Each structure stands twice: as structure tokens, then as C-alpha cells.
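Enquirer: Coordinates in data-v2.pdb, PDB, C-alpha atoms, pLDDT in the B column, are listed below.
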```pdb
ATOM      1  CA  MET A   1     -20.273 118.573  10.296  1.00 88.00           C
ATOM      2  CA  ILE A   2     -19.824 115.938   7.595  1.00 94.00           C
ATOM      3  CA  LEU A   3     -23.561 115.298   7.186  1.00 95.00           C
ATOM      4  CA  ASP A   4     -24.008 118.961   6.227  1.00 97.00           C
ATOM      5  CA  LYS A   5     -22.004 118.256   3.071  1.00 98.00           C
ATOM      6  CA  PHE A   6     -24.686 115.824   1.941  1.00 98.00           C
ATOM      7  CA  SER A   7     -27.431 118.438   2.234  1.00 98.00           C
ATOM      8  CA  LEU A   8     -29.005 119.643  -1.012  1.00 98.00           C
ATOM      9  CA  LYS A   9     -31.090 122.360   0.615  1.00 98.00           C
ATOM     10  CA  GLY A  10     -31.575 125.246  -1.809  1.00 98.00           C
ATOM     11  CA  LYS A  11     -30.463 123.204  -4.822  1.00 98.00           C
ATOM     12  CA  VAL A  12     -32.498 122.490  -7.964  1.00 99.00           C
ATOM     13  CA  ALA A  13     -32.192 119.066  -9.589  1.00 99.00           C
ATOM     14  CA  VAL A  14     -33.401 118.075 -13.063  1.00 99.00           C
ATOM     15  CA  VAL A  15     -34.090 114.336 -13.324  1.00 99.00           C
ATOM     16  CA  THR A  16     -35.005 112.689 -16.626  1.00 98.00           C
ATOM     17  CA  GLY A  17     -37.147 109.567 -16.646  1.00 98.00           C
ATOM     18  CA  ALA A  18     -38.552 110.652 -13.294  1.00 98.00           C
ATOM     19  CA  GLY A  19     -41.965 109.044 -13.648  1.00 97.00           C
ATOM     20  CA  ALA A  20     -41.112 105.610 -12.257  1.00 95.00           C
ATOM     21  CA  GLY A  21     -38.365 103.185 -11.300  1.00 94.00           C
ATOM     22  CA  LEU A  22     -34.838 104.421 -10.774  1.00 96.00           C
ATOM     23  CA  GLY A  23     -35.636 107.986 -11.848  1.00 97.00           C
ATOM     24  CA  GLN A  24     -38.472 108.245  -9.372  1.00 97.00           C
ATOM     25  CA  GLY A  25     -36.338 106.764  -6.606  1.00 97.00           C
ATOM     26  CA  MET A  26     -33.527 109.241  -7.215  1.00 98.00           C
ATOM     27  CA  SER A  27     -35.960 112.157  -7.445  1.00 98.00           C
ATOM     28  CA  ILE A  28     -37.341 111.257  -4.026  1.00 98.00           C
ATOM     29  CA  SER A  29     -33.886 110.904  -2.476  1.00 98.00           C
ATOM     30  CA  LEU A  30     -32.743 114.279  -3.820  1.00 98.00           C
ATOM     31  CA  ALA A  31     -35.925 115.807  -2.424  1.00 98.00           C
ATOM     32  CA  GLN A  32     -35.345 114.148   0.947  1.00 98.00           C
ATOM     33  CA  ALA A  33     -31.894 115.757   0.940  1.00 98.00           C
ATOM     34  CA  GLY A  34     -33.534 119.158   0.387  1.00 98.00           C
ATOM     35  CA  ALA A  35     -33.474 119.771  -3.364  1.00 99.00           C
ATOM     36  CA  ASP A  36     -36.341 121.109  -5.430  1.00 99.00           C
ATOM     37  CA  VAL A  37     -36.932 118.727  -8.341  1.00 99.00           C
ATOM     38  CA  VAL A  38     -37.733 119.181 -12.023  1.00 99.00           C
ATOM     39  CA  GLY A  39     -38.993 115.830 -13.283  1.00 98.00           C
ATOM     40  CA  VAL A  40     -38.868 115.109 -17.014  1.00 98.00           C
ATOM     41  CA  ASP A  41     -40.704 112.204 -18.628  1.00 98.00           C
ATOM     42  CA  TYR A  42     -42.960 111.445 -21.589  1.00 97.00           C
ATOM     43  CA  VAL A  43     -45.799 110.560 -19.200  1.00 97.00           C
ATOM     44  CA  GLU A  44     -47.437 112.393 -16.322  1.00 96.00           C
ATOM     45  CA  MET A  45     -45.545 112.109 -13.040  1.00 98.00           C
ATOM     46  CA  THR A  46     -48.385 112.421 -10.525  1.00 98.00           C
ATOM     47  CA  ASP A  47     -47.002 109.852  -8.087  1.00 98.00           C
ATOM     48  CA  THR A  48     -43.474 111.261  -8.246  1.00 98.00           C
ATOM     49  CA  GLN A  49     -44.804 114.766  -7.666  1.00 98.00           C
ATOM     50  CA  LYS A  50     -46.789 113.630  -4.637  1.00 98.00           C
ATOM     51  CA  GLN A  51     -43.812 111.877  -3.068  1.00 98.00           C
ATOM     52  CA  VAL A  52     -41.366 114.713  -3.806  1.00 98.00           C
ATOM     53  CA  GLU A  53     -43.686 117.407  -2.465  1.00 98.00           C
ATOM     54  CA  SER A  54     -44.283 115.347   0.688  1.00 98.00           C
ATOM     55  CA  CYS A  55     -40.627 116.081   1.486  1.00 98.00           C
ATOM     56  CA  GLY A  56     -41.455 119.787   1.771  1.00 98.00           C
ATOM     57  CA  VAL A  57     -39.809 120.865  -1.485  1.00 98.00           C
ATOM     58  CA  LYS A  58     -41.067 122.025  -4.878  1.00 98.00           C
ATOM     59  CA  PHE A  59     -41.706 119.826  -7.912  1.00 98.00           C
ATOM     60  CA  LEU A  60     -42.017 120.892 -11.544  1.00 98.00           C
ATOM     61  CA  GLY A  61     -43.121 118.241 -14.025  1.00 98.00           C
ATOM     62  CA  ILE A  62     -42.227 118.653 -17.697  1.00 98.00           C
ATOM     63  CA  GLN A  63     -43.570 116.164 -20.233  1.00 98.00           C
ATOM     64  CA  ALA A  64     -41.139 115.663 -23.109  1.00 98.00           C
ATOM     65  CA  ASN A  65     -39.995 112.909 -25.449  1.00 97.00           C
ATOM     66  CA  LEU A  66     -36.216 112.655 -25.163  1.00 98.00           C
ATOM     67  CA  MET A  67     -35.870 110.362 -28.169  1.00 97.00           C
ATOM     68  CA  SER A  68     -35.001 113.706 -29.800  1.00 97.00           C
ATOM     69  CA  ILE A  69     -32.785 116.494 -28.468  1.00 98.00           C
ATOM     70  CA  GLU A  70     -35.310 119.097 -29.649  1.00 98.00           C
ATOM     71  CA  PRO A  71     -37.034 119.538 -26.232  1.00 98.00           C
ATOM     72  CA  ILE A  72     -33.801 120.146 -24.297  1.00 98.00           C
ATOM     73  CA  PRO A  73     -33.477 123.961 -24.645  1.00 98.00           C
ATOM     74  CA  GLY A  74     -37.099 124.401 -23.603  1.00 98.00           C
ATOM     75  CA  ILE A  75     -36.654 122.158 -20.565  1.00 98.00           C
ATOM     76  CA  ILE A  76     -33.639 124.149 -19.421  1.00 98.00           C
ATOM     77  CA  SER A  77     -35.329 127.512 -19.944  1.00 98.00           C
ATOM     78  CA  LYS A  78     -38.557 126.456 -18.223  1.00 98.00           C
ATOM     79  CA  SER A  79     -36.618 125.017 -15.292  1.00 98.00           C
ATOM     80  CA  VAL A  80     -34.716 128.265 -14.830  1.00 98.00           C
ATOM     81  CA  GLU A  81     -37.868 130.347 -15.300  1.00 98.00           C
ATOM     82  CA  LYS A  82     -39.857 128.415 -12.692  1.00 98.00           C
ATOM     83  CA  MET A  83     -37.105 127.408 -10.255  1.00 98.00           C
ATOM     84  CA  GLY A  84     -34.610 130.244 -10.705  1.00 98.00           C
ATOM     85  CA  LYS A  85     -31.574 128.104 -11.547  1.00 98.00           C
ATOM     86  CA  ILE A  86     -30.260 124.568 -12.078  1.00 98.00           C
ATOM     87  CA  ASP A  87     -27.636 122.918  -9.874  1.00 98.00           C
ATOM     88  CA  ILE A  88     -27.915 119.196 -10.654  1.00 99.00           C
ATOM     89  CA  LEU A  89     -28.741 117.128 -13.743  1.00 99.00           C
ATOM     90  CA  VAL A  90     -29.489 113.402 -13.574  1.00 99.00           C
ATOM     91  CA  ASN A  91     -29.466 111.830 -17.055  1.00 98.00           C
ATOM     92  CA  ASN A  92     -31.573 108.779 -16.264  1.00 98.00           C
ATOM     93  CA  ALA A  93     -33.972 108.417 -19.222  1.00 98.00           C
ATOM     94  CA  GLY A  94     -33.128 105.465 -21.443  1.00 96.00           C
ATOM     95  CA  ILE A  95     -34.481 102.475 -23.345  1.00 96.00           C
ATOM     96  CA  ILE A  96     -33.392  98.972 -24.332  1.00 94.00           C
ATOM     97  CA  ARG A  97     -34.194  96.816 -27.366  1.00 96.00           C
ATOM     98  CA  ARG A  98     -33.552  93.069 -27.437  1.00 94.00           C
ATOM     99  CA  GLU A  99     -32.838  91.095 -30.613  1.00 97.00           C
ATOM    100  CA  ASP A 100     -30.134  88.789 -31.939  1.00 98.00           C
ATOM    101  CA  ALA A 101     -27.308  90.967 -33.236  1.00 98.00           C
ATOM    102  CA  ILE A 102     -27.428  89.288 -36.631  1.00 98.00           C
ATOM    103  CA  GLU A 103     -31.064  90.423 -37.024  1.00 98.00           C
ATOM    104  CA  PHE A 104     -30.809  93.795 -35.243  1.00 98.00           C
ATOM    105  CA  SER A 105     -32.572  96.608 -37.126  1.00 98.00           C
ATOM    106  CA  GLU A 106     -31.327 100.094 -37.899  1.00 98.00           C
ATOM    107  CA  LYS A 107     -34.362 101.561 -36.124  1.00 98.00           C
ATOM    108  CA  ASP A 108     -33.647  99.654 -32.908  1.00 98.00           C
ATOM    109  CA  TRP A 109     -30.034 100.802 -33.153  1.00 98.00           C
ATOM    110  CA  ASP A 110     -30.912 104.465 -33.737  1.00 98.00           C
ATOM    111  CA  ASP A 111     -33.703 104.668 -31.153  1.00 98.00           C
ATOM    112  CA  VAL A 112     -31.502 103.368 -28.354  1.00 98.00           C
ATOM    113  CA  MET A 113     -28.449 105.405 -29.331  1.00 98.00           C
ATOM    114  CA  ASN A 114     -30.504 108.579 -29.659  1.00 98.00           C
ATOM    115  CA  ILE A 115     -31.904 108.609 -26.145  1.00 98.00           C
ATOM    116  CA  ASN A 116     -29.172 106.695 -24.305  1.00 98.00           C
ATOM    117  CA  ILE A 117     -26.163 108.700 -25.491  1.00 98.00           C
ATOM    118  CA  LYS A 118     -27.029 111.508 -27.939  1.00 98.00           C
ATOM    119  CA  THR A 119     -29.590 113.005 -25.550  1.00 98.00           C
ATOM    120  CA  VAL A 120     -27.263 112.423 -22.592  1.00 98.00           C
ATOM    121  CA  PHE A 121     -24.473 114.403 -24.263  1.00 98.00           C
ATOM    122  CA  PHE A 122     -26.587 117.310 -25.455  1.00 98.00           C
ATOM    123  CA  PHE A 123     -28.537 117.563 -22.184  1.00 99.00           C
ATOM    124  CA  SER A 124     -25.213 117.617 -20.328  1.00 99.00           C
ATOM    125  CA  GLN A 125     -23.960 120.313 -22.702  1.00 98.00           C
ATOM    126  CA  ALA A 126     -27.079 122.441 -22.160  1.00 98.00           C
ATOM    127  CA  ALA A 127     -26.846 122.069 -18.376  1.00 98.00           C
ATOM    128  CA  ALA A 128     -23.129 122.912 -18.423  1.00 98.00           C
ATOM    129  CA  LYS A 129     -23.819 126.085 -20.399  1.00 98.00           C
ATOM    130  CA  GLN A 130     -26.375 127.076 -17.764  1.00 98.00           C
ATOM    131  CA  PHE A 131     -23.935 126.310 -14.933  1.00 98.00           C
ATOM    132  CA  VAL A 132     -21.305 128.496 -16.630  1.00 98.00           C
ATOM    133  CA  LYS A 133     -23.869 131.269 -17.177  1.00 98.00           C
ATOM    134  CA  GLN A 134     -24.780 131.111 -13.483  1.00 98.00           C
ATOM    135  CA  ASN A 135     -21.081 130.968 -12.519  1.00 97.00           C
ATOM    136  CA  SER A 136     -22.211 128.406  -9.989  1.00 96.00           C
ATOM    137  CA  GLY A 137     -20.607 125.119 -10.933  1.00 98.00           C
ATOM    138  CA  GLY A 138     -22.845 122.075 -10.922  1.00 98.00           C
ATOM    139  CA  LYS A 139     -23.246 118.325 -10.718  1.00 98.00           C
ATOM    140  CA  ILE A 140     -24.144 115.947 -13.549  1.00 99.00           C
ATOM    141  CA  ILE A 141     -24.968 112.303 -12.886  1.00 99.00           C
ATOM    142  CA  ASN A 142     -25.272 109.943 -15.848  1.00 99.00           C
ATOM    143  CA  ILE A 143     -26.881 106.541 -15.519  1.00 98.00           C
ATOM    144  CA  ALA A 144     -24.597 103.905 -17.000  1.00 98.00           C
ATOM    145  CA  SER A 145     -25.021 100.119 -16.689  1.00 97.00           C
ATOM    146  CA  MET A 146     -23.278  96.827 -16.078  1.00 96.00           C
ATOM    147  CA  LEU A 147     -23.039  96.820 -19.878  1.00 97.00           C
ATOM    148  CA  SER A 148     -20.731  99.807 -19.634  1.00 98.00           C
ATOM    149  CA  PHE A 149     -18.257  97.116 -18.519  1.00 97.00           C
ATOM    150  CA  GLN A 150     -19.576  94.019 -20.301  1.00 96.00           C
ATOM    151  CA  GLY A 151     -20.977  93.014 -23.677  1.00 96.00           C
ATOM    152  CA  GLY A 152     -24.316  91.520 -22.762  1.00 93.00           C
ATOM    153  CA  ILE A 153     -26.466  89.285 -24.950  1.00 92.00           C
ATOM    154  CA  ARG A 154     -28.940  90.401 -27.638  1.00 94.00           C
ATOM    155  CA  VAL A 155     -28.627  94.100 -26.713  1.00 96.00           C
ATOM    156  CA  PRO A 156     -25.916  95.477 -29.035  1.00 98.00           C
ATOM    157  CA  SER A 157     -27.140  99.087 -29.178  1.00 98.00           C
ATOM    158  CA  TYR A 158     -27.721  99.193 -25.416  1.00 98.00           C
ATOM    159  CA  ALA A 159     -24.211  97.860 -24.709  1.00 98.00           C
ATOM    160  CA  ALA A 160     -22.721 100.366 -27.157  1.00 98.00           C
ATOM    161  CA  SER A 161     -24.686 103.283 -25.720  1.00 98.00           C
ATOM    162  CA  LYS A 162     -23.907 102.496 -22.097  1.00 98.00           C
ATOM    163  CA  SER A 163     -20.210 102.024 -22.865  1.00 98.00           C
ATOM    164  CA  ALA A 164     -20.385 105.458 -24.481  1.00 98.00           C
ATOM    165  CA  VAL A 165     -22.005 106.908 -21.353  1.00 98.00           C
ATOM    166  CA  MET A 166     -18.976 105.893 -19.308  1.00 98.00           C
ATOM    167  CA  GLY A 167     -16.647 107.305 -21.960  1.00 98.00           C
ATOM    168  CA  ILE A 168     -18.405 110.647 -22.287  1.00 98.00           C
ATOM    169  CA  THR A 169     -18.533 110.969 -18.495  1.00 98.00           C
ATOM    170  CA  ARG A 170     -14.739 110.755 -18.400  1.00 98.00           C
ATOM    171  CA  SER A 171     -14.293 113.065 -21.375  1.00 98.00           C
ATOM    172  CA  LEU A 172     -16.557 115.835 -20.096  1.00 98.00           C
ATOM    173  CA  ALA A 173     -15.023 115.647 -16.618  1.00 98.00           C
ATOM    174  CA  ASN A 174     -11.673 116.482 -18.208  1.00 98.00           C
ATOM    175  CA  GLU A 175     -13.066 119.522 -20.008  1.00 98.00           C
ATOM    176  CA  TRP A 176     -15.495 120.914 -17.463  1.00 98.00           C
ATOM    177  CA  ALA A 177     -13.630 120.592 -14.170  1.00 98.00           C
ATOM    178  CA  LYS A 178     -12.291 124.108 -14.790  1.00 98.00           C
ATOM    179  CA  TYR A 179     -15.897 125.356 -14.533  1.00 98.00           C
ATOM    180  CA  ASN A 180     -16.361 123.606 -11.162  1.00 98.00           C
ATOM    181  CA  ILE A 181     -18.608 121.031 -12.805  1.00 98.00           C
ATOM    182  CA  ASN A 182     -18.450 117.447 -11.570  1.00 98.00           C
ATOM    183  CA  ILE A 183     -19.760 114.771 -13.933  1.00 98.00           C
ATOM    184  CA  ASN A 184     -19.935 111.190 -12.729  1.00 99.00           C
ATOM    185  CA  ALA A 185     -22.006 108.114 -13.513  1.00 99.00           C
ATOM    186  CA  ILE A 186     -23.837 105.391 -11.632  1.00 98.00           C
ATOM    187  CA  ALA A 187     -23.848 101.910 -13.155  1.00 98.00           C
ATOM    188  CA  PRO A 188     -26.811 100.028 -11.699  1.00 97.00           C
ATOM    189  CA  GLY A 189     -26.623  96.269 -11.572  1.00 96.00           C
ATOM    190  CA  TYR A 190     -29.585  94.073 -12.357  1.00 94.00           C
ATOM    191  CA  MET A 191     -32.460  96.142 -11.017  1.00 93.00           C
ATOM    192  CA  ALA A 192     -36.144  95.314 -10.619  1.00 91.00           C
ATOM    193  CA  THR A 193     -37.419  97.836 -13.207  1.00 86.00           C
ATOM    194  CA  ASN A 194     -39.512  97.784 -16.377  1.00 81.00           C
ATOM    195  CA  ASN A 195     -36.352  97.279 -18.464  1.00 77.00           C
ATOM    196  CA  THR A 196     -35.612  93.955 -16.769  1.00 85.00           C
ATOM    197  CA  ALA A 197     -39.192  92.653 -16.635  1.00 87.00           C
ATOM    198  CA  PRO A 198     -38.565  90.143 -19.471  1.00 86.00           C
ATOM    199  CA  LEU A 199     -35.462  88.802 -17.705  1.00 85.00           C
ATOM    200  CA  ARG A 200     -37.228  88.430 -14.370  1.00 91.00           C
ATOM    201  CA  ALA A 201     -40.149  86.689 -16.072  1.00 91.00           C
ATOM    202  CA  ASP A 202     -37.767  84.099 -17.557  1.00 89.00           C
ATOM    203  CA  GLU A 203     -37.242  81.741 -14.614  1.00 90.00           C
ATOM    204  CA  GLU A 204     -34.068  80.154 -15.988  1.00 91.00           C
ATOM    205  CA  ARG A 205     -32.464  83.483 -16.930  1.00 87.00           C
ATOM    206  CA  SER A 206     -33.481  85.108 -13.654  1.00 90.00           C
ATOM    207  CA  SER A 207     -32.030  82.230 -11.633  1.00 93.00           C
ATOM    208  CA  SER A 208     -28.724  82.401 -13.509  1.00 92.00           C
ATOM    209  CA  ILE A 209     -28.482  86.147 -12.870  1.00 92.00           C
ATOM    210  CA  LEU A 210     -29.283  85.842  -9.167  1.00 94.00           C
ATOM    211  CA  ALA A 211     -26.747  83.044  -8.801  1.00 94.00           C
ATOM    212  CA  ARG A 212     -23.986  85.457  -9.810  1.00 94.00           C
ATOM    213  CA  ILE A 213     -25.029  88.365  -7.572  1.00 97.00           C
ATOM    214  CA  PRO A 214     -23.302  88.027  -4.184  1.00 97.00           C
ATOM    215  CA  ALA A 215     -26.132  90.032  -2.560  1.00 97.00           C
ATOM    216  CA  GLY A 216     -28.537  87.342  -3.784  1.00 95.00           C
ATOM    217  CA  ARG A 217     -31.269  89.689  -4.951  1.00 95.00           C
ATOM    218  CA  TRP A 218     -32.295  92.092  -7.703  1.00 95.00           C
ATOM    219  CA  GLY A 219     -31.511  95.724  -6.988  1.00 96.00           C
ATOM    220  CA  LEU A 220     -34.231  98.188  -6.048  1.00 94.00           C
ATOM    221  CA  PRO A 221     -34.661 101.917  -6.833  1.00 93.00           C
ATOM    222  CA  GLU A 222     -33.767 102.777  -3.234  1.00 94.00           C
ATOM    223  CA  ASP A 223     -30.341 101.195  -3.737  1.00 97.00           C
ATOM    224  CA  LEU A 224     -29.412 104.145  -5.968  1.00 97.00           C
ATOM    225  CA  GLN A 225     -30.654 106.803  -3.578  1.00 97.00           C
ATOM    226  CA  GLY A 226     -27.527 107.094  -1.422  1.00 98.00           C
ATOM    227  CA  PRO A 227     -25.071 107.177  -4.356  1.00 98.00           C
ATOM    228  CA  ALA A 228     -27.244 109.772  -6.139  1.00 98.00           C
ATOM    229  CA  VAL A 229     -27.304 112.105  -3.125  1.00 98.00           C
ATOM    230  CA  PHE A 230     -23.554 111.671  -2.628  1.00 98.00           C
ATOM    231  CA  LEU A 231     -22.709 112.504  -6.249  1.00 99.00           C
ATOM    232  CA  ALA A 232     -25.128 115.455  -6.262  1.00 99.00           C
ATOM    233  CA  SER A 233     -23.713 116.959  -3.062  1.00 98.00           C
ATOM    234  CA  ALA A 234     -20.633 118.788  -1.868  1.00 98.00           C
ATOM    235  CA  ALA A 235     -19.490 115.514  -0.271  1.00 98.00           C
ATOM    236  CA  SER A 236     -18.292 114.410  -3.746  1.00 98.00           C
ATOM    237  CA  ASP A 237     -16.570 117.629  -4.827  1.00 98.00           C
ATOM    238  CA  TYR A 238     -13.273 115.817  -5.522  1.00 98.00           C
ATOM    239  CA  VAL A 239     -14.917 112.909  -7.380  1.00 98.00           C
ATOM    240  CA  ASN A 240     -14.972 113.533 -11.112  1.00 98.00           C
ATOM    241  CA  GLY A 241     -15.217 111.355 -14.212  1.00 98.00           C
ATOM    242  CA  TYR A 242     -15.904 108.177 -12.259  1.00 98.00           C
ATOM    243  CA  THR A 243     -18.519 105.461 -12.770  1.00 98.00           C
ATOM    244  CA  VAL A 244     -19.788 103.949  -9.518  1.00 98.00           C
ATOM    245  CA  ALA A 245     -21.145 100.397  -9.798  1.00 98.00           C
ATOM    246  CA  VAL A 246     -24.190  99.734  -7.622  1.00 98.00           C
ATOM    247  CA  ASP A 247     -24.564  96.054  -8.419  1.00 98.00           C
ATOM    248  CA  GLY A 248     -24.737  93.907  -5.293  1.00 98.00           C
ATOM    249  CA  GLY A 249     -21.220  92.678  -6.090  1.00 97.00           C
ATOM    250  CA  TRP A 250     -21.921  91.470  -9.659  1.00 96.00           C
ATOM    251  CA  LEU A 251     -18.656  92.818 -11.094  1.00 96.00           C
ATOM    252  CA  SER A 252     -16.666  91.230  -8.285  1.00 95.00           C
ATOM    253  CA  ARG A 253     -17.515  87.698  -9.439  1.00 89.00           C
TER     254      ARG A 253
END
```
Rewrite the structure from the file as C-alpha cells, please.

Expert:
Amino acid sequence: MILDKFSLKGKVAVVTGAGAGLGQGMSISLAQAGADVVGVDYVEMTDTQKQVESCGVKFLGIQANLMSIEPIPGIISKSVEKMGKIDILVNNAGIIRREDAIEFSEKDWDDVMNINIKTVFFFSQAAAKQFVKQNSGGKIINIASMLSFQGGIRVPSYAASKSAVMGITRSLANEWAKYNININAIAPGYMATNNTAPLRADEERSSSILARIPAGRWGLPEDLQGPAVFLASAASDYVNGYTVAVDGGWLSR
């Protein structure tokens, strides 16, 4: 039956930035599909744990600051130690800094690039090595952005990093398909998250954004749940290197 291909029963998913927003929403959807979840965030994930465990699966919370790649080997080893294996990685953790490009600081550039693309690459590499060691194949889902396709305003490092996410997703798909590893990305549209709080608080800017979205609303964490389960499951075994826009039609305008 086709719905069986969407089941994640017996799988273990690592989700970064799992404490709130999109990461929490995807963690819950993977759990609802049957996966045990390893949540990674720099804060405690009490609410995420409660909601994941209510689905009848296991949750392991690991607090780590992914501004550096230093915690990655420990996260992988602890996940395998406690859960037995890893099948899915969702690279969701990320930040944004806003400033006119002509005034943009080196620190704001480096901070965003470090977590949004350097950590994404090296976490993907670590997960891929584990998949190969397990001889199991695996699924990697990177979180891209509308700014993987567009330039944006006052967010030069974010636009650069998210364009790089789409590029590295394609590149790694080419290299790792031979290991039965699928690596795809989801590009959320304008979502109601902490990152967009300043935009939503600006009435004029918010109105201009909503006017361009055919769906007529900001996206919600649950809007990513279906695409995340699809890309994590056997239903997407022949989808590789692709970035799926979940944007309410924004890119169609």
C-alpha cells in the first residue's frame, strides 16, 4: 500500500533546531510517522519532548551550540549510543542578521555562514559517514529558503548561506547517491517564526509580503510537516538533490 511507504516506524531522525518553530513542527511530524527523534538545540526542548513522546516514540534531547562544528561528532556518537543508529538528518538550525549591506559586519557575516552552511555541510558529512558505516543508506533534509532563489534585502549573509544550501544539496546528492543516501532541501516561504518576527511587526512590510503570497497568509510550522515526512520516507527514494519550495505560491508570482 502506498501509505506504507510514508511510514517511518523503526527509523531514527536527528533534527537540529528542534526546540521551537519549524524544527519542532518537523520533529512532531516525523514522530507521528513513527520515527524516534533526537532533538538538537542550544536550549532545553521540554515542550518538543512532550509532544514527540505523546506519539508513542522515543525522544533524546541534546543541548549543543551549532555555531561551531565542534559538537557534531559527539551528537552523532550519542545518538547512535542511545538510539542504536541514525536514519534521517534534518539540518534545520539557522540564524539571520539584518543590516544594510554597506554596513554589514564581518561578525554578522561569519556567524550566519558558520551555522547556516558550514555546520550544514559538516553535519551532513558526519551523518553520511554513519550511514555508510551502517550500510543502511539514509535521508538528509536541509532547510533552504526563498532566498535560495532570490536576493532579499538587508540580509546578505543569509541570502549567500541559503543559496549555498541549495548548491550543496545538489552537489552531495551527486556524490552520495551511490551509498543510497538521498539529500534534498525544503525552502520555506515566509513563515510565522522567530526569524520573521521583525517583518510581521512592521505593518507596511508585512502587508507587502502578504499581498504577493497567493495563499494570502504567512506559513505555519505544520505546513512543512508533510514535505518533511515525504522526504524522510521511502516514498521519496527517487527524489535526490532537489529543493522543494513550500511558500504558498510566492515564487509563482

Enquirer: Using the chain letters and numbers from the file, give me the residues hit by the PyMOL selection byres ((chain A and resi 166) around 8), as a list in words.

Expert: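 For this structure, the PyMOL selection byres ((chain A and resi 166) around 8) resolves to Ala144, Ser148, Lys162, Ser163, Ala164, Val165, Gly167, Ile168, Thr169, Arg170, Ala185 and Thr243 of chain A.
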
Enquirer: Find the residue from A:Phe131, A:Tyr158, A:Tyr190, A:Phe104 that sits nearest to A:Asn116; use all atoms listed in the file when measuring.

Expert: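 Of A:Phe131, A:Tyr158, A:Tyr190, A:Phe104, the one nearest A:Asn116 is A:Tyr158, counting all atoms listed in the file.
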
Enquirer: Calculated over only C-alpha atoms, which of the candidates A:Ile209, A:Met1, A:Ala20, A:Cys55 has the smallest distance to A:Gly34?

Expert: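 Answer, going by the shortest atom-to-atom distance: A:Cys55.
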
Enquirer: State, in Å with one decimal place, the distance from atom CA of A:Val57 to atom CA of A:Gly94.

Expert: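 For atom CA of A:Val57 relative to atom CA of A:Gly94, the distance reads 26.1 Å.
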
Enquirer: Can you tell me, as a compact mmCIF listing (two decimals) with C-alpha atoms, keeping the file's coordinate frame, what residues are no more than 10 Å from A:Val155 when counting only C-alpha atoms, ignoring any on the same chain fewer than 6 positions away?

Expert:
```
# COMPACT_ATOMS: atom_id res chain seq x y z
CA ILE A 96 -33.39 98.97 -24.33
CA ARG A 97 -34.19 96.82 -27.37
CA ARG A 98 -33.55 93.07 -27.44
CA GLU A 99 -32.84 91.10 -30.61
CA ASP A 100 -30.13 88.79 -31.94
CA ALA A 101 -27.31 90.97 -33.24
CA PHE A 104 -30.81 93.80 -35.24
CA ASP A 108 -33.65 99.65 -32.91
CA TRP A 109 -30.03 100.80 -33.15
CA VAL A 112 -31.50 103.37 -28.35
CA LEU A 147 -23.04 96.82 -19.88
```

Enquirer: Can you tell me, as a list in words, which residues sit within 12 Å of (-22.5, 131.3, -14.6) in the file's frame, using all atoms listed in the file?

Expert: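 Residues with an atom at most 12 Å from (-22.5, 131.3, -14.6): Lys85, Ile86, Asp87, Ala127, Ala128, Lys129, Gln130, Phe131, Val132, Lys133, Gln134, Asn135, Ser136, Gly137, Gly138, Tyr179, Asn180 and Ile181 of chain A.
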
Enquirer: Let's have the selection written as a PDB file, keeping the file's coordinate frame, with C-alpha atoms.

Expert:
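That gives us out.pdb:
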```pdb
ATOM      1  CA  LYS A  85     -31.574 128.104 -11.547  1.00 98.00           C
ATOM      2  CA  ILE A  86     -30.260 124.568 -12.078  1.00 98.00           C
ATOM      3  CA  ASP A  87     -27.636 122.918  -9.874  1.00 98.00           C
ATOM      4  CA  ALA A 127     -26.846 122.069 -18.376  1.00 98.00           C
ATOM      5  CA  ALA A 128     -23.129 122.912 -18.423  1.00 98.00           C
ATOM      6  CA  LYS A 129     -23.819 126.085 -20.399  1.00 98.00           C
ATOM      7  CA  GLN A 130     -26.375 127.076 -17.764  1.00 98.00           C
ATOM      8  CA  PHE A 131     -23.935 126.310 -14.933  1.00 98.00           C
ATOM      9  CA  VAL A 132     -21.305 128.496 -16.630  1.00 98.00           C
ATOM     10  CA  LYS A 133     -23.869 131.269 -17.177  1.00 98.00           C
ATOM     11  CA  GLN A 134     -24.780 131.111 -13.483  1.00 98.00           C
ATOM     12  CA  ASN A 135     -21.081 130.968 -12.519  1.00 97.00           C
ATOM     13  CA  SER A 136     -22.211 128.406  -9.989  1.00 96.00           C
ATOM     14  CA  GLY A 137     -20.607 125.119 -10.933  1.00 98.00           C
ATOM     15  CA  GLY A 138     -22.845 122.075 -10.922  1.00 98.00           C
ATOM     16  CA  TYR A 179     -15.897 125.356 -14.533  1.00 98.00           C
ATOM     17  CA  ASN A 180     -16.361 123.606 -11.162  1.00 98.00           C
ATOM     18  CA  ILE A 181     -18.608 121.031 -12.805  1.00 98.00           C
TER      19      ILE A 181
END
```

Enquirer: For A:Val120, work out the shell of residues within 9 Å, counting only C-alpha atoms and skipping chain neighbours fewer than 2 positions away, then give it as a PyMOL selection string.

Expert: chain A and resi 91-93+114-118+122-125+142+165

Enquirer: Of the candidates A:Met26, A:Leu210, A:Asp110, A:Glu204, which shows the shortest atom-to-atom distance to A:Ser157, using all atoms listed in the file?

Expert: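 The shortest atom-to-atom distance to A:Ser157 comes from A:Asp110.
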
Enquirer: In Å, with one decimal, what is the gap from atom CA of A:Leu3 to atom CA of A:Gly21?

Expert: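 Atom-to-atom, atom CA of A:Leu3 to atom CA of A:Gly21, that is 26.6 Å.
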
Enquirer: Can you tell me how far atom CA of A:Lys58 sits from atom CA of A:Pro227, in Å to one decimal?

Expert: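 The value is 21.8 Å.
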
Enquirer: Give me the result of the PyMOL selection byres ((chain A and resi 218) around 9) on this file, residue by residue, as a list in words.

Expert: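 With the shown file as input, the PyMOL selection byres ((chain A and resi 218) around 9) matches Gly189, Tyr190, Met191, Ala192, Ile209, Leu210, Ile213, Ala215, Gly216, Arg217, Gly219, Leu220, Asp247 and Gly248 of chain A.
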
Enquirer: Quick one: which residues end up in the PyMOL selection byres ((chain A and resi 63) around 9) for this structure, as a PDB file with C-alpha atoms, in the coordinates of the input?

Expert:
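Now in part_14.pdb:
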```
ATOM      1  CA  GLY A  39     -38.993 115.830 -13.283  1.00 98.00           C
ATOM      2  CA  VAL A  40     -38.868 115.109 -17.014  1.00 98.00           C
ATOM      3  CA  ASP A  41     -40.704 112.204 -18.628  1.00 98.00           C
ATOM      4  CA  TYR A  42     -42.960 111.445 -21.589  1.00 97.00           C
ATOM      5  CA  VAL A  43     -45.799 110.560 -19.200  1.00 97.00           C
ATOM      6  CA  GLU A  44     -47.437 112.393 -16.322  1.00 96.00           C
ATOM      7  CA  MET A  45     -45.545 112.109 -13.040  1.00 98.00           C
ATOM      8  CA  GLY A  61     -43.121 118.241 -14.025  1.00 98.00           C
ATOM      9  CA  ILE A  62     -42.227 118.653 -17.697  1.00 98.00           C
ATOM     10  CA  ALA A  64     -41.139 115.663 -23.109  1.00 98.00           C
ATOM     11  CA  ASN A  65     -39.995 112.909 -25.449  1.00 97.00           C
TER      12      ASN A  65
END
```

Enquirer: I'd like the neighbourhood of A:Ile2 as a list of chain:residue names, where a residue qualifies if any of its atoms comes within 10 Å (using only C-alpha atoms), though same-chain residues fewer than 2 positions away should be ignored.

Expert: A:Asp4, A:Lys5, A:Phe6, A:Ser7, A:Ala234, A:Ala235

Enquirer: Of the candidates A:Leu30, A:Ala13, A:Ile69, A:Met113, which shows the shortest atom-to-atom distance to A:Gln51, using all atoms listed in the file?

Expert: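 That would be A:Leu30, the residue with the smallest distance to A:Gln51.
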